[in-house]
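Enquirer: This one is protein.txt, compact mmCIF, N, CA and C atoms.
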# COMPACT_ATOMS: atom_id res chain seq x y z
N MET E 1 -12.44 36.29 -17.92
CA MET E 1 -11.73 35.17 -18.50
C MET E 1 -10.80 34.52 -17.49
N LYS E 2 -10.14 35.34 -16.65
CA LYS E 2 -9.23 34.79 -15.65
C LYS E 2 -9.99 33.91 -14.65
N SER E 3 -11.17 34.34 -14.25
CA SER E 3 -11.92 33.55 -13.27
C SER E 3 -12.36 32.20 -13.86
N VAL E 4 -12.70 32.17 -15.15
CA VAL E 4 -13.06 30.92 -15.81
C VAL E 4 -11.86 29.98 -15.85
N LEU E 5 -10.69 30.50 -16.17
CA LEU E 5 -9.47 29.71 -16.23
C LEU E 5 -9.12 29.15 -14.85
N ILE E 6 -9.24 29.97 -13.83
CA ILE E 6 -8.94 29.51 -12.46
C ILE E 6 -9.92 28.43 -12.04
N LEU E 7 -11.20 28.61 -12.36
CA LEU E 7 -12.21 27.62 -12.04
C LEU E 7 -11.92 26.29 -12.75
N LEU E 8 -11.57 26.35 -14.02
CA LEU E 8 -11.24 25.14 -14.77
C LEU E 8 -10.03 24.42 -14.17
N MET E 9 -9.03 25.18 -13.78
CA MET E 9 -7.84 24.59 -13.17
C MET E 9 -8.20 23.91 -11.85
N ALA E 10 -9.02 24.54 -11.05
CA ALA E 10 -9.41 23.96 -9.76
C ALA E 10 -10.22 22.69 -9.95
N VAL E 11 -11.17 22.70 -10.87
CA VAL E 11 -11.99 21.53 -11.12
C VAL E 11 -11.17 20.40 -11.70
N SER E 12 -10.30 20.70 -12.67
CA SER E 12 -9.51 19.64 -13.30
C SER E 12 -8.50 19.04 -12.35
N SER E 13 -7.95 19.83 -11.44
CA SER E 13 -6.99 19.25 -10.51
C SER E 13 -7.67 18.26 -9.58
N GLY E 14 -8.91 18.51 -9.22
CA GLY E 14 -9.66 17.56 -8.39
C GLY E 14 -10.03 16.31 -9.16
N VAL E 15 -10.39 16.46 -10.42
CA VAL E 15 -10.79 15.33 -11.25
C VAL E 15 -9.61 14.42 -11.54
N TRP E 16 -8.46 14.99 -11.79
CA TRP E 16 -7.30 14.19 -12.19
C TRP E 16 -6.41 13.78 -11.02
N ALA E 17 -6.78 14.21 -9.80
CA ALA E 17 -5.96 13.85 -8.65
C ALA E 17 -5.98 12.33 -8.46
N GLU E 18 -4.81 11.78 -8.22
CA GLU E 18 -4.71 10.34 -8.02
C GLU E 18 -5.17 10.00 -6.61
N ASP E 19 -5.88 8.91 -6.47
CA ASP E 19 -6.45 8.51 -5.19
C ASP E 19 -5.86 7.18 -4.76
N ILE E 20 -5.20 7.19 -3.62
CA ILE E 20 -4.58 5.98 -3.10
C ILE E 20 -5.60 5.11 -2.36
N ASN E 21 -6.75 5.68 -2.01
CA ASN E 21 -7.76 4.96 -1.24
C ASN E 21 -8.35 3.79 -2.01
N GLY E 22 -8.69 2.73 -1.27
CA GLY E 22 -9.33 1.57 -1.87
C GLY E 22 -8.58 0.30 -1.53
N ILE E 23 -9.02 -0.77 -2.15
CA ILE E 23 -8.38 -2.07 -1.96
C ILE E 23 -7.48 -2.32 -3.16
N TRP E 24 -6.25 -2.70 -2.87
CA TRP E 24 -5.24 -2.96 -3.89
C TRP E 24 -4.79 -4.40 -3.75
N GLY E 25 -4.65 -5.10 -4.87
CA GLY E 25 -4.27 -6.51 -4.82
C GLY E 25 -3.13 -6.86 -5.75
N TYR E 26 -2.47 -7.96 -5.42
CA TYR E 26 -1.37 -8.51 -6.22
C TYR E 26 -1.38 -10.02 -6.08
N GLN E 27 -1.12 -10.73 -7.16
CA GLN E 27 -0.92 -12.18 -7.13
C GLN E 27 0.31 -12.50 -7.95
N SER E 28 1.18 -13.33 -7.38
CA SER E 28 2.41 -13.70 -8.09
C SER E 28 2.08 -14.52 -9.32
N ASN E 29 3.01 -14.58 -10.26
CA ASN E 29 2.82 -15.34 -11.50
C ASN E 29 2.53 -16.81 -11.24
N ASN E 30 3.16 -17.38 -10.23
CA ASN E 30 2.94 -18.80 -9.94
C ASN E 30 1.71 -19.03 -9.06
N GLY E 31 1.05 -17.95 -8.62
CA GLY E 31 -0.16 -18.05 -7.82
C GLY E 31 0.04 -18.40 -6.37
N LYS E 32 1.29 -18.51 -5.93
CA LYS E 32 1.56 -18.92 -4.55
C LYS E 32 1.45 -17.78 -3.54
N SER E 33 1.59 -16.55 -4.00
CA SER E 33 1.54 -15.40 -3.09
C SER E 33 0.44 -14.45 -3.51
N VAL E 34 -0.35 -14.01 -2.53
CA VAL E 34 -1.42 -13.04 -2.76
C VAL E 34 -1.27 -11.96 -1.69
N TYR E 35 -1.25 -10.72 -2.12
CA TYR E 35 -1.12 -9.59 -1.20
C TYR E 35 -2.29 -8.65 -1.42
N ASN E 36 -2.89 -8.18 -0.34
CA ASN E 36 -3.96 -7.19 -0.42
C ASN E 36 -3.70 -6.06 0.56
N LEU E 37 -3.94 -4.85 0.10
CA LEU E 37 -3.86 -3.65 0.94
C LEU E 37 -5.23 -3.01 0.97
N ASP E 38 -5.63 -2.50 2.11
CA ASP E 38 -6.88 -1.76 2.25
C ASP E 38 -6.50 -0.39 2.80
N ILE E 39 -6.64 0.63 1.96
CA ILE E 39 -6.21 1.98 2.32
C ILE E 39 -7.43 2.89 2.40
N LYS E 40 -7.55 3.61 3.53
CA LYS E 40 -8.68 4.52 3.74
C LYS E 40 -8.17 5.82 4.35
N THR E 41 -8.77 6.92 3.93
CA THR E 41 -8.49 8.20 4.55
C THR E 41 -9.70 8.57 5.39
N ILE E 42 -9.46 8.76 6.69
CA ILE E 42 -10.51 9.12 7.64
C ILE E 42 -10.02 10.35 8.39
N GLN E 43 -10.80 11.43 8.33
CA GLN E 43 -10.45 12.69 9.00
C GLN E 43 -9.04 13.14 8.62
N ASN E 44 -8.76 13.16 7.33
CA ASN E 44 -7.49 13.63 6.77
C ASN E 44 -6.28 12.79 7.18
N LYS E 45 -6.50 11.58 7.68
CA LYS E 45 -5.40 10.67 8.01
C LYS E 45 -5.58 9.41 7.18
N THR E 46 -4.50 9.01 6.51
CA THR E 46 -4.55 7.84 5.64
C THR E 46 -4.04 6.62 6.40
N HIS E 47 -4.85 5.55 6.38
CA HIS E 47 -4.57 4.33 7.14
C HIS E 47 -4.44 3.13 6.20
N LEU E 48 -3.66 2.16 6.62
CA LEU E 48 -3.41 0.95 5.84
C LEU E 48 -3.63 -0.29 6.70
N LYS E 49 -4.34 -1.27 6.14
CA LYS E 49 -4.43 -2.63 6.69
C LYS E 49 -3.93 -3.55 5.59
N TYR E 50 -3.33 -4.67 5.94
CA TYR E 50 -2.80 -5.55 4.90
C TYR E 50 -3.01 -7.02 5.22
N SER E 51 -2.95 -7.82 4.18
CA SER E 51 -2.98 -9.27 4.29
C SER E 51 -2.03 -9.84 3.24
N PHE E 52 -1.05 -10.61 3.66
CA PHE E 52 -0.09 -11.23 2.76
C PHE E 52 -0.21 -12.74 2.92
N ILE E 53 -0.51 -13.43 1.85
CA ILE E 53 -0.72 -14.88 1.88
C ILE E 53 0.37 -15.54 1.04
N HIS E 54 1.03 -16.50 1.62
CA HIS E 54 2.12 -17.22 0.95
C HIS E 54 1.83 -18.71 0.97
N MET E 55 2.65 -19.46 0.32
CA MET E 55 2.66 -20.92 0.38
C MET E 55 1.29 -21.52 0.09
N ASN E 56 0.77 -21.21 -1.09
CA ASN E 56 -0.47 -21.83 -1.57
C ASN E 56 -1.66 -21.65 -0.64
N GLY E 57 -1.85 -20.45 -0.15
CA GLY E 57 -3.06 -20.15 0.61
C GLY E 57 -2.92 -20.06 2.10
N ASN E 58 -1.77 -20.37 2.67
CA ASN E 58 -1.59 -20.23 4.11
C ASN E 58 -1.33 -18.77 4.43
N LYS E 59 -2.19 -18.19 5.26
CA LYS E 59 -2.04 -16.79 5.62
C LYS E 59 -0.85 -16.67 6.57
N ILE E 60 0.16 -15.97 6.13
CA ILE E 60 1.39 -15.86 6.90
C ILE E 60 1.44 -14.56 7.69
N ASN E 61 1.01 -13.47 7.09
CA ASN E 61 1.20 -12.18 7.72
C ASN E 61 0.02 -11.27 7.39
N GLU E 62 -0.60 -10.70 8.41
CA GLU E 62 -1.67 -9.74 8.18
C GLU E 62 -1.71 -8.77 9.35
N SER E 63 -2.27 -7.60 9.09
CA SER E 63 -2.31 -6.59 10.13
C SER E 63 -3.42 -6.87 11.14
N GLY E 64 -4.40 -7.70 10.77
CA GLY E 64 -5.51 -7.97 11.67
C GLY E 64 -6.26 -6.69 11.99
N ALA E 65 -6.49 -6.45 13.26
CA ALA E 65 -7.21 -5.24 13.66
C ALA E 65 -6.30 -4.01 13.66
N LYS E 66 -4.99 -4.23 13.60
CA LYS E 66 -4.05 -3.11 13.62
C LYS E 66 -4.13 -2.32 12.33
N VAL E 67 -4.13 -1.00 12.48
CA VAL E 67 -4.16 -0.08 11.34
C VAL E 67 -2.87 0.74 11.39
N TYR E 68 -2.21 0.87 10.23
CA TYR E 68 -0.96 1.61 10.15
C TYR E 68 -1.19 2.96 9.49
N MET E 69 -0.56 3.99 10.02
CA MET E 69 -0.67 5.33 9.47
C MET E 69 0.27 5.47 8.28
N LEU E 70 -0.24 6.03 7.19
CA LEU E 70 0.58 6.36 6.03
C LEU E 70 0.86 7.86 6.07
N ILE E 71 2.10 8.22 5.88
CA ILE E 71 2.50 9.63 5.91
C ILE E 71 2.89 10.04 4.50
N LYS E 72 2.21 11.06 3.99
CA LYS E 72 2.47 11.51 2.62
C LYS E 72 3.72 12.39 2.60
N SER E 73 4.61 12.09 1.66
CA SER E 73 5.84 12.88 1.52
C SER E 73 5.66 13.93 0.43
N ASP E 74 6.64 14.80 0.29
CA ASP E 74 6.57 15.88 -0.69
C ASP E 74 6.47 15.38 -2.12
N ASP E 75 7.01 14.19 -2.40
CA ASP E 75 6.97 13.66 -3.77
C ASP E 75 5.67 12.94 -4.09
N GLY E 76 4.72 12.94 -3.14
CA GLY E 76 3.42 12.31 -3.37
C GLY E 76 3.37 10.85 -2.98
N CYS E 77 4.48 10.29 -2.54
CA CYS E 77 4.51 8.91 -2.06
C CYS E 77 4.09 8.88 -0.59
N TYR E 78 3.91 7.68 -0.07
CA TYR E 78 3.52 7.50 1.32
C TYR E 78 4.51 6.57 2.00
N THR E 79 4.82 6.84 3.26
CA THR E 79 5.73 5.99 4.03
C THR E 79 5.00 5.45 5.26
N SER E 80 5.48 4.32 5.75
CA SER E 80 4.93 3.73 6.96
C SER E 80 5.93 2.73 7.51
N THR E 81 5.64 2.23 8.69
CA THR E 81 6.40 1.14 9.29
C THR E 81 5.41 0.02 9.57
N LEU E 82 5.63 -1.15 8.95
CA LEU E 82 4.75 -2.29 9.10
C LEU E 82 5.39 -3.34 9.99
N TYR E 83 4.55 -4.16 10.59
CA TYR E 83 5.00 -5.19 11.53
C TYR E 83 4.88 -6.56 10.88
N ASP E 84 5.93 -7.33 10.91
CA ASP E 84 5.94 -8.71 10.45
C ASP E 84 5.69 -9.59 11.68
N ALA E 85 4.43 -10.01 11.86
CA ALA E 85 4.04 -10.75 13.06
C ALA E 85 4.74 -12.10 13.16
N PHE E 86 5.07 -12.69 12.02
CA PHE E 86 5.71 -14.00 12.02
C PHE E 86 7.08 -13.96 12.69
N PHE E 87 7.83 -12.87 12.45
CA PHE E 87 9.17 -12.73 13.03
C PHE E 87 9.27 -11.65 14.09
N SER E 88 8.15 -10.99 14.42
CA SER E 88 8.11 -9.93 15.44
C SER E 88 9.12 -8.83 15.14
N GLU E 89 9.13 -8.39 13.88
CA GLU E 89 10.05 -7.33 13.44
C GLU E 89 9.28 -6.27 12.66
N TYR E 90 9.84 -5.08 12.61
CA TYR E 90 9.25 -3.97 11.86
C TYR E 90 10.06 -3.69 10.60
N ALA E 91 9.38 -3.15 9.58
CA ALA E 91 10.06 -2.77 8.34
C ALA E 91 9.48 -1.46 7.84
N ASN E 92 10.34 -0.60 7.34
CA ASN E 92 9.91 0.65 6.72
C ASN E 92 9.52 0.37 5.27
N VAL E 93 8.43 1.00 4.84
CA VAL E 93 7.96 0.81 3.46
C VAL E 93 7.61 2.16 2.86
N ILE E 94 7.61 2.20 1.53
CA ILE E 94 7.17 3.37 0.79
C ILE E 94 6.21 2.90 -0.29
N LEU E 95 5.11 3.62 -0.47
CA LEU E 95 4.10 3.30 -1.48
C LEU E 95 3.95 4.51 -2.38
N CYS E 96 4.03 4.29 -3.69
CA CYS E 96 3.94 5.38 -4.66
C CYS E 96 2.94 5.03 -5.76
N LEU E 97 2.03 5.93 -6.04
CA LEU E 97 1.11 5.76 -7.16
C LEU E 97 1.86 6.00 -8.45
N GLN E 98 1.71 5.08 -9.39
CA GLN E 98 2.30 5.24 -10.72
C GLN E 98 1.22 4.86 -11.72
N GLY E 99 0.52 5.88 -12.24
CA GLY E 99 -0.58 5.63 -13.15
C GLY E 99 -1.69 4.88 -12.44
N GLN E 100 -2.05 3.71 -12.94
CA GLN E 100 -3.12 2.90 -12.36
C GLN E 100 -2.59 1.85 -11.38
N THR E 101 -1.32 1.96 -11.00
CA THR E 101 -0.72 0.98 -10.09
C THR E 101 -0.21 1.67 -8.82
N LEU E 102 -0.01 0.86 -7.80
CA LEU E 102 0.56 1.32 -6.54
C LEU E 102 1.81 0.48 -6.29
N VAL E 103 2.97 1.12 -6.28
CA VAL E 103 4.24 0.41 -6.10
C VAL E 103 4.62 0.43 -4.62
N PHE E 104 4.82 -0.77 -4.08
CA PHE E 104 5.16 -1.00 -2.68
C PHE E 104 6.63 -1.41 -2.63
N ASN E 105 7.44 -0.68 -1.87
CA ASN E 105 8.86 -1.03 -1.71
C ASN E 105 9.21 -1.07 -0.23
N LYS E 106 9.85 -2.16 0.19
CA LYS E 106 10.38 -2.22 1.55
C LYS E 106 11.73 -1.53 1.52
N THR E 107 11.93 -0.57 2.40
CA THR E 107 13.16 0.21 2.36
C THR E 107 14.14 -0.19 3.45
N SER E 108 13.72 -1.03 4.37
CA SER E 108 14.63 -1.48 5.42
C SER E 108 15.16 -2.87 5.09
N LYS E 109 16.06 -3.36 5.91
CA LYS E 109 16.72 -4.65 5.70
C LYS E 109 15.69 -5.76 5.47
N SER E 110 15.85 -6.52 4.42
CA SER E 110 14.89 -7.55 4.03
C SER E 110 14.94 -8.79 4.91
N ASP E 111 16.11 -9.14 5.40
CA ASP E 111 16.29 -10.42 6.09
C ASP E 111 15.42 -10.56 7.34
N SER E 112 15.21 -9.46 8.06
CA SER E 112 14.49 -9.55 9.33
C SER E 112 12.97 -9.63 9.15
N THR E 113 12.46 -9.33 7.96
CA THR E 113 11.02 -9.36 7.71
C THR E 113 10.73 -10.06 6.37
N PRO E 114 11.04 -11.35 6.27
CA PRO E 114 10.89 -12.03 4.98
C PRO E 114 9.45 -12.17 4.50
N TYR E 115 8.48 -12.07 5.39
CA TYR E 115 7.08 -12.23 4.97
C TYR E 115 6.40 -10.91 4.66
N LEU E 116 7.14 -9.83 4.65
CA LEU E 116 6.68 -8.57 4.06
C LEU E 116 7.38 -8.50 2.70
N PRO E 117 6.63 -8.28 1.63
CA PRO E 117 7.26 -8.30 0.30
C PRO E 117 8.29 -7.19 0.15
N LYS E 118 9.32 -7.49 -0.64
CA LYS E 118 10.38 -6.50 -0.90
C LYS E 118 9.91 -5.44 -1.88
N LYS E 119 9.32 -5.86 -3.00
CA LYS E 119 8.77 -4.93 -3.98
C LYS E 119 7.60 -5.60 -4.68
N VAL E 120 6.47 -4.89 -4.73
CA VAL E 120 5.26 -5.42 -5.36
C VAL E 120 4.55 -4.27 -6.07
N VAL E 121 3.99 -4.56 -7.23
CA VAL E 121 3.18 -3.58 -7.96
C VAL E 121 1.71 -4.02 -7.84
N PHE E 122 0.94 -3.24 -7.10
CA PHE E 122 -0.47 -3.54 -6.85
C PHE E 122 -1.37 -2.90 -7.90
N ARG E 123 -2.52 -3.52 -8.10
CA ARG E 123 -3.59 -2.97 -8.96
C ARG E 123 -4.85 -2.88 -8.10
N LYS E 124 -5.76 -1.97 -8.47
CA LYS E 124 -7.00 -1.80 -7.72
C LYS E 124 -7.81 -3.09 -7.76
N GLY E 125 -8.34 -3.47 -6.60
CA GLY E 125 -9.19 -4.65 -6.49
C GLY E 125 -8.58 -5.71 -5.61
N LYS E 126 -9.42 -6.39 -4.85
CA LYS E 126 -8.96 -7.44 -3.93
C LYS E 126 -8.74 -8.75 -4.70
N ILE E 127 -7.69 -9.47 -4.30
CA ILE E 127 -7.39 -10.79 -4.83
C ILE E 127 -7.72 -11.80 -3.73
N GLU E 128 -8.48 -12.80 -4.08
CA GLU E 128 -8.84 -13.85 -3.09
C GLU E 128 -7.84 -14.98 -3.14
Give the structure from the file, written as structure tokens.
Expert:
Amino acid sequence: MKSVLILLMAVSSGVWAEDINGIWGYQSNNGKSVYNLDIKTIQNKTHLKYSFIHMNGNKINESGAKVYMLIKSDDGCYTSTLYDAFFSEYANVILCLQGQTLVFNKTSKSDSTPYLPKKVVFRKGKIE
């Protein structure tokens, strides 16, 4: 009986484990801002690429070919440092899975990286 219980626990933990991988999208209520994240785990390392579009479709900030490493913390969230190419500045961010959403928070000073969003709640799927 113990082995059956252990097997069930192992299988269920894998089934219910939250997965940060995939494409995550957000569009503002007024439709002027669209943000997309592309997150992939390759060889046990989680990577992020992003595209942030502002001002009615003008692409303002994107990672391009650059890939950012996400570091998983003890609380299950991920941290990284992203580059705001428009202002040539870096910002620290934290991403946390909450149910079916991914919450993105900029944790460093907002003024120096205005084209990186301060706080956004992403959903699975790319927004065009």
Enquirer: Interatomic distance between atom N of Val93 (chain E) and CA of Asn29 (chain E)?
Expert: 23.8 Å
Enquirer: Can you tell me, as a list in words, what residues are no more than 7 Å from region 44-54 of chain E when counting all atoms listed in the file, ignoring any on the same chain fewer than 3 positions away?
Expert: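 Contacts, with the query itself left out: Lys32, Ser33, Val34, Tyr35, Asn36, Leu37, Asp38, Ile39, Lys40, Thr41, Gly57, Asn58, Lys59, Ile60, Asn61, Glu62, Ser63, Gly64, Lys66, Val67, Tyr68, Met69, Leu70, Ile71 and Tyr115 of chain E.
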Enquirer: Show me the residues close to (5.1, -0.4, 2.7) - anything with an atom within 6.5 Å, counting all atoms listed in the file - and format the list as a PyMOL selection string.
Expert: chain E and resi 79-80+82+92-95+104-106
Enquirer: One decimal, Å: what's the distance from atom C of Gln27 (chain E) over to atom C of Leu116 (chain E), could you say?
Expert: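 Distance reported for this atom pair: 13.4 Å.
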Enquirer: Please determine an axis-aligned box that encloses all atoms of region 97-101 of chain E listed in the file, with 8 Å added on each side, and express its centre and edge lengths in Å to one decimal as JSON.
Expert:
{"center_x": -0.4, "center_y": 3.5, "center_z": -9.6, "size_x": 21.4, "size_y": 21.0, "size_z": 23.1}
Enquirer: List every residue of chain E that DSSP, applied to the backbone of this structure, places in alpha helix (DSSP H), and write the result as a list in words.
Expert: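 Of chain E, only Lys2, Ser3, Val4, Leu5, Ile6, Leu7, Leu8, Met9, Ala10, Val11, Ser12, Ser13, Gly14, Val15 and Trp16 of chain E fall in alpha helix (DSSP H).
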Enquirer: Suppose we keep N, CA and C atoms; can you now write the selection as a short mmCIF file (atom, residue, chain, number, x, y, z; two decimals), in the frame of the given file?
Expert:
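Contents of the output file out-v8.cif:
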data_model
loop_
_atom_site.label_atom_id
_atom_site.label_comp_id
_atom_site.auth_asym_id
_atom_site.auth_seq_id
_atom_site.Cartn_x
_atom_site.Cartn_y
_atom_site.Cartn_z
N LYS E 2 -10.14 35.34 -16.65
CA LYS E 2 -9.23 34.79 -15.65
C LYS E 2 -9.99 33.91 -14.65
N SER E 3 -11.17 34.34 -14.25
CA SER E 3 -11.92 33.55 -13.27
C SER E 3 -12.36 32.20 -13.86
N VAL E 4 -12.70 32.17 -15.15
CA VAL E 4 -13.06 30.92 -15.81
C VAL E 4 -11.86 29.98 -15.85
N LEU E 5 -10.69 30.50 -16.17
CA LEU E 5 -9.47 29.71 -16.23
C LEU E 5 -9.12 29.15 -14.85
N ILE E 6 -9.24 29.97 -13.83
CA ILE E 6 -8.94 29.51 -12.46
C ILE E 6 -9.92 28.43 -12.04
N LEU E 7 -11.20 28.61 -12.36
CA LEU E 7 -12.21 27.62 -12.04
C LEU E 7 -11.92 26.29 -12.75
N LEU E 8 -11.57 26.35 -14.02
CA LEU E 8 -11.24 25.14 -14.77
C LEU E 8 -10.03 24.42 -14.17
N MET E 9 -9.03 25.18 -13.78
CA MET E 9 -7.84 24.59 -13.17
C MET E 9 -8.20 23.91 -11.85
N ALA E 10 -9.02 24.54 -11.05
CA ALA E 10 -9.41 23.96 -9.76
C ALA E 10 -10.22 22.69 -9.95
N VAL E 11 -11.17 22.70 -10.87
CA VAL E 11 -11.99 21.53 -11.12
C VAL E 11 -11.17 20.40 -11.70
N SER E 12 -10.30 20.70 -12.67
CA SER E 12 -9.51 19.64 -13.30
C SER E 12 -8.50 19.04 -12.35
N SER E 13 -7.95 19.83 -11.44
CA SER E 13 -6.99 19.25 -10.51
C SER E 13 -7.67 18.26 -9.58
N GLY E 14 -8.91 18.51 -9.22
CA GLY E 14 -9.66 17.56 -8.39
C GLY E 14 -10.03 16.31 -9.16
N VAL E 15 -10.39 16.46 -10.42
CA VAL E 15 -10.79 15.33 -11.25
C VAL E 15 -9.61 14.42 -11.54
N TRP E 16 -8.46 14.99 -11.79
CA TRP E 16 -7.30 14.19 -12.19
C TRP E 16 -6.41 13.78 -11.02
#
Enquirer: Name the residues in contact with Ser88 (chain E) at a cut-off of 8 Å, using only N, CA and C atoms, excluding same-chain residues fewer than 3 positions from it; report them as a ChimeraX atom specification.
Expert: /E:83-85,91,112-113
Enquirer: Just want the 8 Å neighbourhood of Thr101 (chain E), counted on all atoms listed in the file, with same-chain residues fewer than 4 positions away dropped. Output as a list in words.
Expert: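 The residues satisfying every condition are Cys96, Leu97, Val121, Phe122, Arg123 and Lys124 of chain E.
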Enquirer: When you draw a straight line from CA of Asn30 (chain E) to CA of Asp111 (chain E), how long is it in Å?
Expert: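 A separation of 22.5 Å between them.
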Enquirer: Check the smallest atom-to-atom distance from each of E:Ile42, E:Gly76, E:Gly125, E:Lys118 to Gln98 (chain E) using only C-alpha atoms, then report the winner.
Expert: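 Looking only at the distances to Gln98 (chain E), the closest residue turns out to be E:Gly76.
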